[in-house]
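These notes concern the structure reproduced below.
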Amino acid sequence: MARAAAKKVKPRKRLTGDERRESILEAALGCFLEKGYIATTINDIREASGATTGSIYHFFDGKGALATALLEDAIAGWSGESQAAGDTAEAFVKAAAGGLVTWGLKNPELFRFTDEIRTLAVTAPEFAEVADALSEGSGGPTYAKFVKAKKVKDLPWPVAHSLILGPAYNYLRLATAGRARVAAKRASEAIADAAWAAVKG
């Protein structure tokens, strides 16, 4: 009797620590987007990532730490897109608004997650620090410098921050849900121009 040929199983590549951490983060993001942050469990993330529970806890203290790591990635990516091309008030404002739009369109899933956490952070104490970073941003001192130089309106930073970034957030909510079909460059430029018009001195 002939023996059936054994099916060759391709060995799975062993992930490095950095690759495992990244795969856990990607799985967590997928779970958070599918179920929402509150409904997602570590078990959901374990199943989606193929990692063990121990491996997840080796890299992250829990669900909140996973969310914080994703938010830190988001803030770093957005900051990279928001580098001003000059040191003028106009360049600062336009880079902030246009950079958020550019980053959000390139990273729609991460934007949607960040936006969910911005909303949750109002009432979730574990995100208090992140909420402050997202709602206040790091531009307050720079804006104050331009107020002193009479280049922008003398507004409290939370108000100026809302005028500069509020329209960008609103546009991205529509765009990342597939409800705003505008070329990325055009959207970014239009929102940057509107942000500058709202606060220029």
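Residue numbering restarts at 1 for every chain of the structure tokens, chains are lettered A, B, ... in their displayed order, and ligands are numbered from 1 as they appear.
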Show me, as a PyMOL selection string, the residues that have an atom within 9 Å of A:Gln83 when counting only C-alpha atoms, minus same-chain residues fewer than 5 positions from it. chain A and resi 91-92+95-96+99
Would you put the residues from that selection into a file with N, CA and C atoms, as an mmCIF file, in the first residue's frame?
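The new file selection-v5.cif reads:
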```cif
data_model
loop_
_atom_site.group_PDB
_atom_site.id
_atom_site.type_symbol
_atom_site.label_atom_id
_atom_site.label_comp_id
_atom_site.auth_asym_id
_atom_site.auth_seq_id
_atom_site.Cartn_x
_atom_site.Cartn_y
_atom_site.Cartn_z
ATOM 1 N N ALA A 91 3.091 79.960 8.998
ATOM 2 C CA ALA A 91 3.656 78.617 8.758
ATOM 3 C C ALA A 91 3.303 77.680 9.903
ATOM 4 N N PHE A 92 3.372 78.169 11.141
ATOM 5 C CA PHE A 92 3.048 77.369 12.326
ATOM 6 C C PHE A 92 1.596 76.896 12.290
ATOM 7 N N ALA A 95 0.847 74.574 9.204
ATOM 8 C CA ALA A 95 1.474 73.258 9.357
ATOM 9 C C ALA A 95 0.698 72.396 10.343
ATOM 10 N N ALA A 96 0.186 72.992 11.404
ATOM 11 C CA ALA A 96 -0.580 72.230 12.399
ATOM 12 C C ALA A 96 -1.851 71.662 11.777
ATOM 13 N N GLY A 99 -1.026 69.535 8.511
ATOM 14 C CA GLY A 99 -0.323 68.314 8.904
ATOM 15 C C GLY A 99 -1.255 67.275 9.493
#
```
Residue neighbourhood stretch 78-81 of chain A, 8 Å, only C-alpha atoms, exclusion window fewer than 2 positions, as a ChimeraX atom specification: /A:74-76,83,95,99-100,102-104
Export, as a tab-separated table (two decimals), in the first residue's frame, the selected residues with C-alpha atoms.
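Result written to selection_0.tsv:
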```
chain	number	residue	atom	x	y	z
A	74	ALA	CA	-0.25	58.69	16.30
A	75	ILE	CA	1.10	61.84	17.95
A	76	ALA	CA	4.61	61.17	16.63
A	83	GLN	CA	6.66	70.48	10.89
A	95	ALA	CA	1.47	73.26	9.36
A	99	GLY	CA	-0.32	68.31	8.90
A	100	LEU	CA	-3.20	66.80	10.86
A	102	THR	CA	-2.30	64.88	5.74
A	103	TRP	CA	-1.43	62.47	8.56
A	104	GLY	CA	-5.08	61.47	9.15
```
9 Å contact set for A:Ile191, only C-alpha atoms, chain neighbours under 5 positions out, as a list in words: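 Answer for this query is Lys94, Ala97, Gly98, Val101, Ile164, Leu165, Pro167, Ala168, Tyr171, Arg186 and Trp196 of chain A.
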Could you dump the residues just selected with N, CA and C atoms as a PDB file, in the first residue's frame?
```pdb
ATOM      1  N   LYS A  94      -0.634  76.891   9.706  1.00  0.00           N
ATOM      2  CA  LYS A  94      -0.958  76.067   8.537  1.00  0.00           C
ATOM      3  C   LYS A  94      -0.354  74.667   8.646  1.00  0.00           C
ATOM      4  N   ALA A  97      -2.635  72.522  11.127  1.00  0.00           N
ATOM      5  CA  ALA A  97      -3.907  72.077  10.551  1.00  0.00           C
ATOM      6  C   ALA A  97      -3.698  71.176   9.337  1.00  0.00           C
ATOM      7  N   GLY A  98      -2.865  71.616   8.424  1.00  0.00           N
ATOM      8  CA  GLY A  98      -2.617  70.819   7.221  1.00  0.00           C
ATOM      9  C   GLY A  98      -1.924  69.506   7.535  1.00  0.00           C
ATOM     10  N   VAL A 101      -4.454  66.928   8.775  1.00  0.00           N
ATOM     11  CA  VAL A 101      -5.236  66.371   7.667  1.00  0.00           C
ATOM     12  C   VAL A 101      -4.395  65.378   6.863  1.00  0.00           C
ATOM     13  N   ILE A 164      -7.946  76.265  15.176  1.00  0.00           N
ATOM     14  CA  ILE A 164      -6.928  75.771  14.257  1.00  0.00           C
ATOM     15  C   ILE A 164      -7.201  74.327  13.844  1.00  0.00           C
ATOM     16  N   LEU A 165      -7.545  73.470  14.819  1.00  0.00           N
ATOM     17  CA  LEU A 165      -7.652  72.043  14.530  1.00  0.00           C
ATOM     18  C   LEU A 165      -9.072  71.491  14.452  1.00  0.00           C
ATOM     19  N   PRO A 167     -11.769  72.219  12.578  1.00  0.00           N
ATOM     20  CA  PRO A 167     -12.217  71.851  11.231  1.00  0.00           C
ATOM     21  C   PRO A 167     -11.466  70.647  10.660  1.00  0.00           C
ATOM     22  N   ALA A 168     -10.179  70.514  10.983  1.00  0.00           N
ATOM     23  CA  ALA A 168      -9.402  69.365  10.493  1.00  0.00           C
ATOM     24  C   ALA A 168      -9.956  68.070  11.073  1.00  0.00           C
ATOM     25  N   TYR A 171     -13.347  67.316   9.375  1.00  0.00           N
ATOM     26  CA  TYR A 171     -13.161  66.818   8.008  1.00  0.00           C
ATOM     27  C   TYR A 171     -12.679  65.364   8.032  1.00  0.00           C
ATOM     28  N   ARG A 186      -5.715  69.106  -1.809  1.00  0.00           N
ATOM     29  CA  ARG A 186      -6.695  70.198  -1.810  1.00  0.00           C
ATOM     30  C   ARG A 186      -7.324  70.365  -0.431  1.00  0.00           C
ATOM     31  N   TRP A 196      -5.616  79.475   9.329  1.00  0.00           N
ATOM     32  CA  TRP A 196      -4.873  80.733   9.403  1.00  0.00           C
ATOM     33  C   TRP A 196      -5.828  81.933   9.395  1.00  0.00           C
TER      34      TRP A 196
END
```
I need the residues in stretch 26-186 of chain A that are helix (DSSP H, G or I) according to DSSP; give them as a short mmCIF file (atom, residue, chain, number, x, y, z; two decimals) with N, CA and C atoms, in the first residue's frame.
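Written out: selection.cif:
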```
data_model
loop_
_atom_site.label_atom_id
_atom_site.label_comp_id
_atom_site.auth_asym_id
_atom_site.auth_seq_id
_atom_site.Cartn_x
_atom_site.Cartn_y
_atom_site.Cartn_z
N GLU A 26 -0.76 46.11 16.14
CA GLU A 26 -1.64 46.08 14.96
C GLU A 26 -2.93 45.33 15.28
N ALA A 27 -2.81 44.21 15.98
CA ALA A 27 -4.00 43.45 16.35
C ALA A 27 -4.88 44.25 17.30
N ALA A 28 -4.26 44.94 18.25
CA ALA A 28 -5.02 45.76 19.20
C ALA A 28 -5.79 46.85 18.47
N LEU A 29 -5.12 47.52 17.52
CA LEU A 29 -5.79 48.57 16.76
C LEU A 29 -6.99 48.01 16.01
N GLY A 30 -6.81 46.86 15.37
CA GLY A 30 -7.92 46.23 14.65
C GLY A 30 -9.08 45.90 15.58
N CYS A 31 -8.78 45.37 16.76
CA CYS A 31 -9.83 45.04 17.73
C CYS A 31 -10.52 46.30 18.24
N PHE A 32 -9.74 47.33 18.56
CA PHE A 32 -10.32 48.58 19.06
C PHE A 32 -11.27 49.19 18.03
N LEU A 33 -10.87 49.13 16.75
CA LEU A 33 -11.71 49.70 15.70
C LEU A 33 -12.98 48.87 15.49
N GLU A 34 -12.84 47.56 15.59
CA GLU A 34 -13.99 46.68 15.36
C GLU A 34 -14.98 46.71 16.51
N LYS A 35 -14.49 46.64 17.74
CA LYS A 35 -15.37 46.51 18.91
C LYS A 35 -15.49 47.78 19.74
N ILE A 42 -8.31 41.78 26.45
CA ILE A 42 -6.97 41.26 26.17
C ILE A 42 -7.09 39.94 25.41
N ASN A 43 -8.10 39.14 25.73
CA ASN A 43 -8.30 37.87 25.03
C ASN A 43 -8.57 38.11 23.54
N ASP A 44 -9.35 39.15 23.22
CA ASP A 44 -9.59 39.50 21.81
C ASP A 44 -8.27 39.80 21.10
N ILE A 45 -7.43 40.57 21.78
CA ILE A 45 -6.15 40.97 21.20
C ILE A 45 -5.23 39.75 21.07
N ARG A 46 -5.26 38.87 22.06
CA ARG A 46 -4.46 37.64 22.01
C ARG A 46 -4.85 36.81 20.80
N GLU A 47 -6.16 36.62 20.61
CA GLU A 47 -6.64 35.82 19.48
C GLU A 47 -6.27 36.46 18.15
N ALA A 48 -6.42 37.76 18.05
CA ALA A 48 -6.14 38.46 16.79
C ALA A 48 -4.65 38.49 16.46
N SER A 49 -3.82 38.56 17.49
CA SER A 49 -2.38 38.69 17.26
C SER A 49 -1.66 37.35 17.17
N THR A 53 -0.96 35.38 26.08
CA THR A 53 -1.29 36.44 27.04
C THR A 53 -0.01 36.92 27.72
N GLY A 54 0.88 35.98 28.05
CA GLY A 54 2.15 36.35 28.68
C GLY A 54 2.98 37.26 27.81
N SER A 55 2.98 36.99 26.50
CA SER A 55 3.73 37.82 25.57
C SER A 55 3.16 39.24 25.53
N ILE A 56 1.84 39.34 25.53
CA ILE A 56 1.21 40.67 25.54
C ILE A 56 1.63 41.43 26.79
N TYR A 57 1.55 40.76 27.95
CA TYR A 57 1.90 41.44 29.21
C TYR A 57 3.41 41.66 29.35
N HIS A 58 4.19 40.94 28.57
CA HIS A 58 5.63 41.21 28.56
C HIS A 58 5.91 42.60 27.98
N PHE A 59 5.14 42.96 26.96
CA PHE A 59 5.35 44.26 26.30
C PHE A 59 4.49 45.38 26.86
N LYS A 63 -4.53 46.73 28.63
CA LYS A 63 -5.22 47.35 27.51
C LYS A 63 -4.92 48.85 27.42
N GLY A 64 -4.88 49.52 28.56
CA GLY A 64 -4.60 50.95 28.57
C GLY A 64 -3.21 51.26 28.03
N ALA A 65 -2.24 50.41 28.35
CA ALA A 65 -0.88 50.61 27.85
C ALA A 65 -0.81 50.41 26.34
N LEU A 66 -1.59 49.46 25.84
CA LEU A 66 -1.66 49.26 24.38
C LEU A 66 -2.23 50.50 23.71
N ALA A 67 -3.31 51.02 24.27
CA ALA A 67 -3.93 52.22 23.70
C ALA A 67 -2.97 53.40 23.75
N THR A 68 -2.27 53.55 24.86
CA THR A 68 -1.33 54.66 25.00
C THR A 68 -0.21 54.55 23.98
N ALA A 69 0.30 53.33 23.74
CA ALA A 69 1.36 53.14 22.75
C ALA A 69 0.86 53.52 21.36
N LEU A 70 -0.37 53.15 21.03
CA LEU A 70 -0.94 53.53 19.73
C LEU A 70 -1.08 55.05 19.63
N LEU A 71 -1.51 55.68 20.70
CA LEU A 71 -1.66 57.14 20.70
C LEU A 71 -0.32 57.83 20.56
N GLU A 72 0.71 57.29 21.20
CA GLU A 72 2.05 57.88 21.07
C GLU A 72 2.53 57.78 19.63
N ASP A 73 2.24 56.64 18.97
CA ASP A 73 2.59 56.49 17.55
C ASP A 73 1.85 57.53 16.71
N ALA A 74 0.57 57.73 17.04
CA ALA A 74 -0.25 58.69 16.30
C ALA A 74 0.30 60.11 16.46
N ILE A 75 0.60 60.48 17.69
CA ILE A 75 1.10 61.84 17.95
C ILE A 75 2.44 62.06 17.26
N ALA A 76 3.31 61.04 17.29
CA ALA A 76 4.61 61.17 16.63
C ALA A 76 4.44 61.32 15.12
N GLY A 77 3.54 60.53 14.52
CA GLY A 77 3.31 60.63 13.09
C GLY A 77 2.72 61.96 12.69
N TRP A 78 1.76 62.43 13.47
CA TRP A 78 1.14 63.72 13.19
C TRP A 78 2.15 64.83 13.35
N SER A 79 2.97 64.76 14.40
CA SER A 79 3.99 65.80 14.61
C SER A 79 4.96 65.86 13.44
N GLY A 80 5.30 64.68 12.91
CA GLY A 80 6.19 64.64 11.75
C GLY A 80 5.60 65.33 10.54
N GLU A 81 4.29 65.18 10.35
CA GLU A 81 3.61 65.83 9.21
C GLU A 81 3.39 67.32 9.46
N ALA A 89 4.22 82.87 12.04
CA ALA A 89 2.94 82.46 12.62
C ALA A 89 2.10 81.72 11.59
N GLU A 90 2.08 82.21 10.38
CA GLU A 90 1.29 81.57 9.33
C GLU A 90 1.78 80.14 9.07
N ALA A 91 3.09 79.96 9.00
CA ALA A 91 3.66 78.62 8.76
C ALA A 91 3.30 77.68 9.90
N PHE A 92 3.37 78.17 11.14
CA PHE A 92 3.05 77.37 12.33
C PHE A 92 1.60 76.90 12.29
N VAL A 93 0.67 77.81 12.04
CA VAL A 93 -0.76 77.48 12.05
C VAL A 93 -1.11 76.55 10.89
N LYS A 94 -0.63 76.89 9.71
CA LYS A 94 -0.96 76.07 8.54
C LYS A 94 -0.35 74.67 8.65
N ALA A 95 0.85 74.57 9.20
CA ALA A 95 1.47 73.26 9.36
C ALA A 95 0.70 72.40 10.34
N ALA A 96 0.19 72.99 11.40
CA ALA A 96 -0.58 72.23 12.40
C ALA A 96 -1.85 71.66 11.78
N ALA A 97 -2.64 72.52 11.13
CA ALA A 97 -3.91 72.08 10.55
C ALA A 97 -3.70 71.18 9.34
N GLY A 98 -2.86 71.62 8.42
CA GLY A 98 -2.62 70.82 7.22
C GLY A 98 -1.92 69.51 7.53
N GLY A 99 -1.03 69.53 8.51
CA GLY A 99 -0.32 68.31 8.90
C GLY A 99 -1.26 67.27 9.49
N LEU A 100 -2.23 67.73 10.29
CA LEU A 100 -3.20 66.80 10.86
C LEU A 100 -4.01 66.14 9.74
N VAL A 101 -4.45 66.93 8.78
CA VAL A 101 -5.24 66.37 7.67
C VAL A 101 -4.40 65.38 6.86
N THR A 102 -3.17 65.76 6.52
CA THR A 102 -2.30 64.88 5.74
C THR A 102 -2.05 63.58 6.48
N TRP A 103 -1.69 63.68 7.77
CA TRP A 103 -1.43 62.47 8.56
C TRP A 103 -2.69 61.60 8.68
N GLY A 104 -3.84 62.23 8.97
CA GLY A 104 -5.08 61.47 9.15
C GLY A 104 -5.51 60.74 7.90
N LEU A 105 -5.31 61.35 6.74
CA LEU A 105 -5.67 60.70 5.49
C LEU A 105 -4.73 59.54 5.16
N LYS A 106 -3.47 59.65 5.58
CA LYS A 106 -2.52 58.55 5.37
C LYS A 106 -2.73 57.42 6.37
N PRO A 108 -5.86 56.44 8.30
CA PRO A 108 -7.27 56.57 8.70
C PRO A 108 -7.65 55.74 9.92
N GLU A 109 -7.12 54.51 10.03
CA GLU A 109 -7.48 53.67 11.17
C GLU A 109 -6.93 54.27 12.47
N LEU A 110 -5.69 54.71 12.42
CA LEU A 110 -5.08 55.29 13.61
C LEU A 110 -5.77 56.61 13.98
N PHE A 111 -6.17 57.38 12.97
CA PHE A 111 -6.92 58.61 13.26
C PHE A 111 -8.24 58.27 13.96
N ARG A 112 -8.99 57.30 13.42
CA ARG A 112 -10.29 56.97 14.00
C ARG A 112 -10.14 56.49 15.45
N PHE A 113 -9.10 55.71 15.70
CA PHE A 113 -8.86 55.26 17.07
C PHE A 113 -8.51 56.45 17.97
N THR A 114 -7.62 57.32 17.50
CA THR A 114 -7.22 58.49 18.28
C THR A 114 -8.43 59.37 18.59
N ASP A 115 -9.31 59.52 17.62
CA ASP A 115 -10.50 60.34 17.83
C ASP A 115 -11.42 59.71 18.87
N GLU A 116 -11.53 58.38 18.85
CA GLU A 116 -12.35 57.70 19.86
C GLU A 116 -11.77 57.94 21.25
N ILE A 117 -10.46 57.82 21.38
CA ILE A 117 -9.83 57.99 22.69
C ILE A 117 -9.93 59.45 23.14
N ARG A 118 -9.86 60.40 22.22
CA ARG A 118 -10.05 61.83 22.58
C ARG A 118 -11.40 62.00 23.26
N THR A 119 -12.41 61.33 22.73
CA THR A 119 -13.76 61.44 23.29
C THR A 119 -13.83 60.73 24.65
N LEU A 120 -13.29 59.51 24.72
CA LEU A 120 -13.31 58.74 25.97
C LEU A 120 -12.49 59.42 27.06
N PRO A 125 -10.18 58.20 33.48
CA PRO A 125 -8.99 58.71 34.17
C PRO A 125 -7.67 58.15 33.64
N GLU A 126 -7.68 56.91 33.09
CA GLU A 126 -6.41 56.34 32.61
C GLU A 126 -5.85 57.10 31.41
N PHE A 127 -6.71 57.92 30.77
CA PHE A 127 -6.24 58.67 29.61
C PHE A 127 -6.12 60.17 29.90
N ALA A 128 -6.12 60.55 31.15
CA ALA A 128 -6.08 61.98 31.50
C ALA A 128 -4.87 62.67 30.88
N GLU A 129 -3.71 62.03 30.99
CA GLU A 129 -2.49 62.63 30.45
C GLU A 129 -2.55 62.73 28.93
N VAL A 130 -3.02 61.67 28.31
CA VAL A 130 -3.16 61.65 26.85
C VAL A 130 -4.19 62.68 26.42
N ALA A 131 -5.29 62.77 27.16
CA ALA A 131 -6.34 63.74 26.83
C ALA A 131 -5.79 65.15 26.82
N ASP A 132 -4.95 65.47 27.82
CA ASP A 132 -4.35 66.80 27.87
C ASP A 132 -3.46 67.04 26.65
N ALA A 133 -2.67 66.03 26.30
CA ALA A 133 -1.77 66.17 25.15
C ALA A 133 -2.55 66.37 23.86
N LEU A 134 -3.67 65.65 23.70
CA LEU A 134 -4.45 65.75 22.48
C LEU A 134 -5.29 67.02 22.43
N SER A 135 -5.85 67.41 23.58
CA SER A 135 -6.73 68.57 23.56
C SER A 135 -5.97 69.88 23.61
N GLU A 136 -4.84 69.88 24.32
CA GLU A 136 -4.08 71.12 24.44
C GLU A 136 -2.96 71.23 23.40
N GLY A 140 0.92 75.72 22.59
CA GLY A 140 0.55 76.89 23.41
C GLY A 140 1.64 77.93 23.55
N PRO A 141 2.85 77.54 23.95
CA PRO A 141 3.92 78.53 24.08
C PRO A 141 4.26 79.23 22.77
N THR A 142 4.24 78.49 21.67
CA THR A 142 4.54 79.10 20.36
C THR A 142 3.45 80.09 20.00
N TYR A 143 2.18 79.70 20.23
CA TYR A 143 1.08 80.61 19.92
C TYR A 143 1.20 81.88 20.77
N ALA A 144 1.53 81.73 22.05
CA ALA A 144 1.68 82.88 22.95
C ALA A 144 2.76 83.83 22.44
N LYS A 145 3.84 83.25 21.89
CA LYS A 145 4.92 84.07 21.33
C LYS A 145 4.39 84.91 20.16
N PHE A 146 3.55 84.30 19.32
CA PHE A 146 3.01 85.04 18.18
C PHE A 146 1.94 86.05 18.60
N VAL A 147 1.23 85.76 19.71
CA VAL A 147 0.28 86.74 20.25
C VAL A 147 1.06 87.99 20.68
N LYS A 148 2.15 87.77 21.41
CA LYS A 148 2.97 88.88 21.91
C LYS A 148 3.50 89.73 20.76
N TRP A 157 -5.30 79.82 24.56
CA TRP A 157 -4.83 78.72 23.72
C TRP A 157 -5.89 77.66 23.45
N PRO A 158 -6.71 77.24 24.43
CA PRO A 158 -7.73 76.24 24.09
C PRO A 158 -8.69 76.70 22.99
N VAL A 159 -8.99 77.99 22.95
CA VAL A 159 -9.87 78.53 21.91
C VAL A 159 -9.13 78.53 20.57
N ALA A 160 -7.90 79.03 20.58
CA ALA A 160 -7.11 79.07 19.34
C ALA A 160 -6.89 77.64 18.82
N HIS A 161 -6.58 76.73 19.72
CA HIS A 161 -6.35 75.33 19.36
C HIS A 161 -7.59 74.76 18.67
N SER A 162 -8.77 75.06 19.21
CA SER A 162 -10.02 74.57 18.61
C SER A 162 -10.26 75.18 17.24
N LEU A 163 -9.95 76.46 17.08
CA LEU A 163 -10.14 77.11 15.78
C LEU A 163 -9.16 76.56 14.74
N ILE A 164 -7.95 76.26 15.18
CA ILE A 164 -6.93 75.77 14.26
C ILE A 164 -7.20 74.33 13.84
N LEU A 165 -7.55 73.47 14.82
CA LEU A 165 -7.65 72.04 14.53
C LEU A 165 -9.07 71.49 14.45
N GLY A 166 -10.05 72.22 14.98
CA GLY A 166 -11.43 71.71 14.97
C GLY A 166 -11.92 71.33 13.58
N PRO A 167 -11.77 72.22 12.58
CA PRO A 167 -12.22 71.85 11.23
C PRO A 167 -11.47 70.65 10.66
N ALA A 168 -10.18 70.51 10.98
CA ALA A 168 -9.40 69.37 10.49
C ALA A 168 -9.96 68.07 11.07
N TYR A 169 -10.24 68.07 12.38
CA TYR A 169 -10.83 66.87 13.00
C TYR A 169 -12.17 66.54 12.37
N ASN A 170 -13.00 67.55 12.17
CA ASN A 170 -14.33 67.30 11.60
C ASN A 170 -14.22 66.73 10.18
N TYR A 171 -13.35 67.32 9.37
CA TYR A 171 -13.16 66.82 8.01
C TYR A 171 -12.68 65.36 8.03
N LEU A 172 -11.71 65.06 8.89
CA LEU A 172 -11.16 63.70 8.94
C LEU A 172 -12.20 62.68 9.40
N ARG A 173 -13.11 63.09 10.30
CA ARG A 173 -14.18 62.17 10.70
C ARG A 173 -15.01 61.76 9.47
N LEU A 174 -15.29 62.72 8.62
CA LEU A 174 -16.04 62.42 7.40
C LEU A 174 -15.20 61.62 6.40
N ALA A 175 -13.98 62.07 6.18
CA ALA A 175 -13.12 61.45 5.17
C ALA A 175 -12.76 60.01 5.53
N ALA A 184 -6.52 64.83 -1.32
CA ALA A 184 -5.82 65.06 -0.05
C ALA A 184 -5.12 66.42 -0.02
N LYS A 185 -4.40 66.75 -1.09
CA LYS A 185 -3.67 68.02 -1.12
C LYS A 185 -4.63 69.20 -1.06
N ARG A 186 -5.72 69.11 -1.81
CA ARG A 186 -6.69 70.20 -1.81
C ARG A 186 -7.32 70.36 -0.43
#
```
A:Arg179, A:Gly62, A:Lys200, A:Lys151: which is nearest A:Leu25, counting only C-alpha atoms? A:Gly62
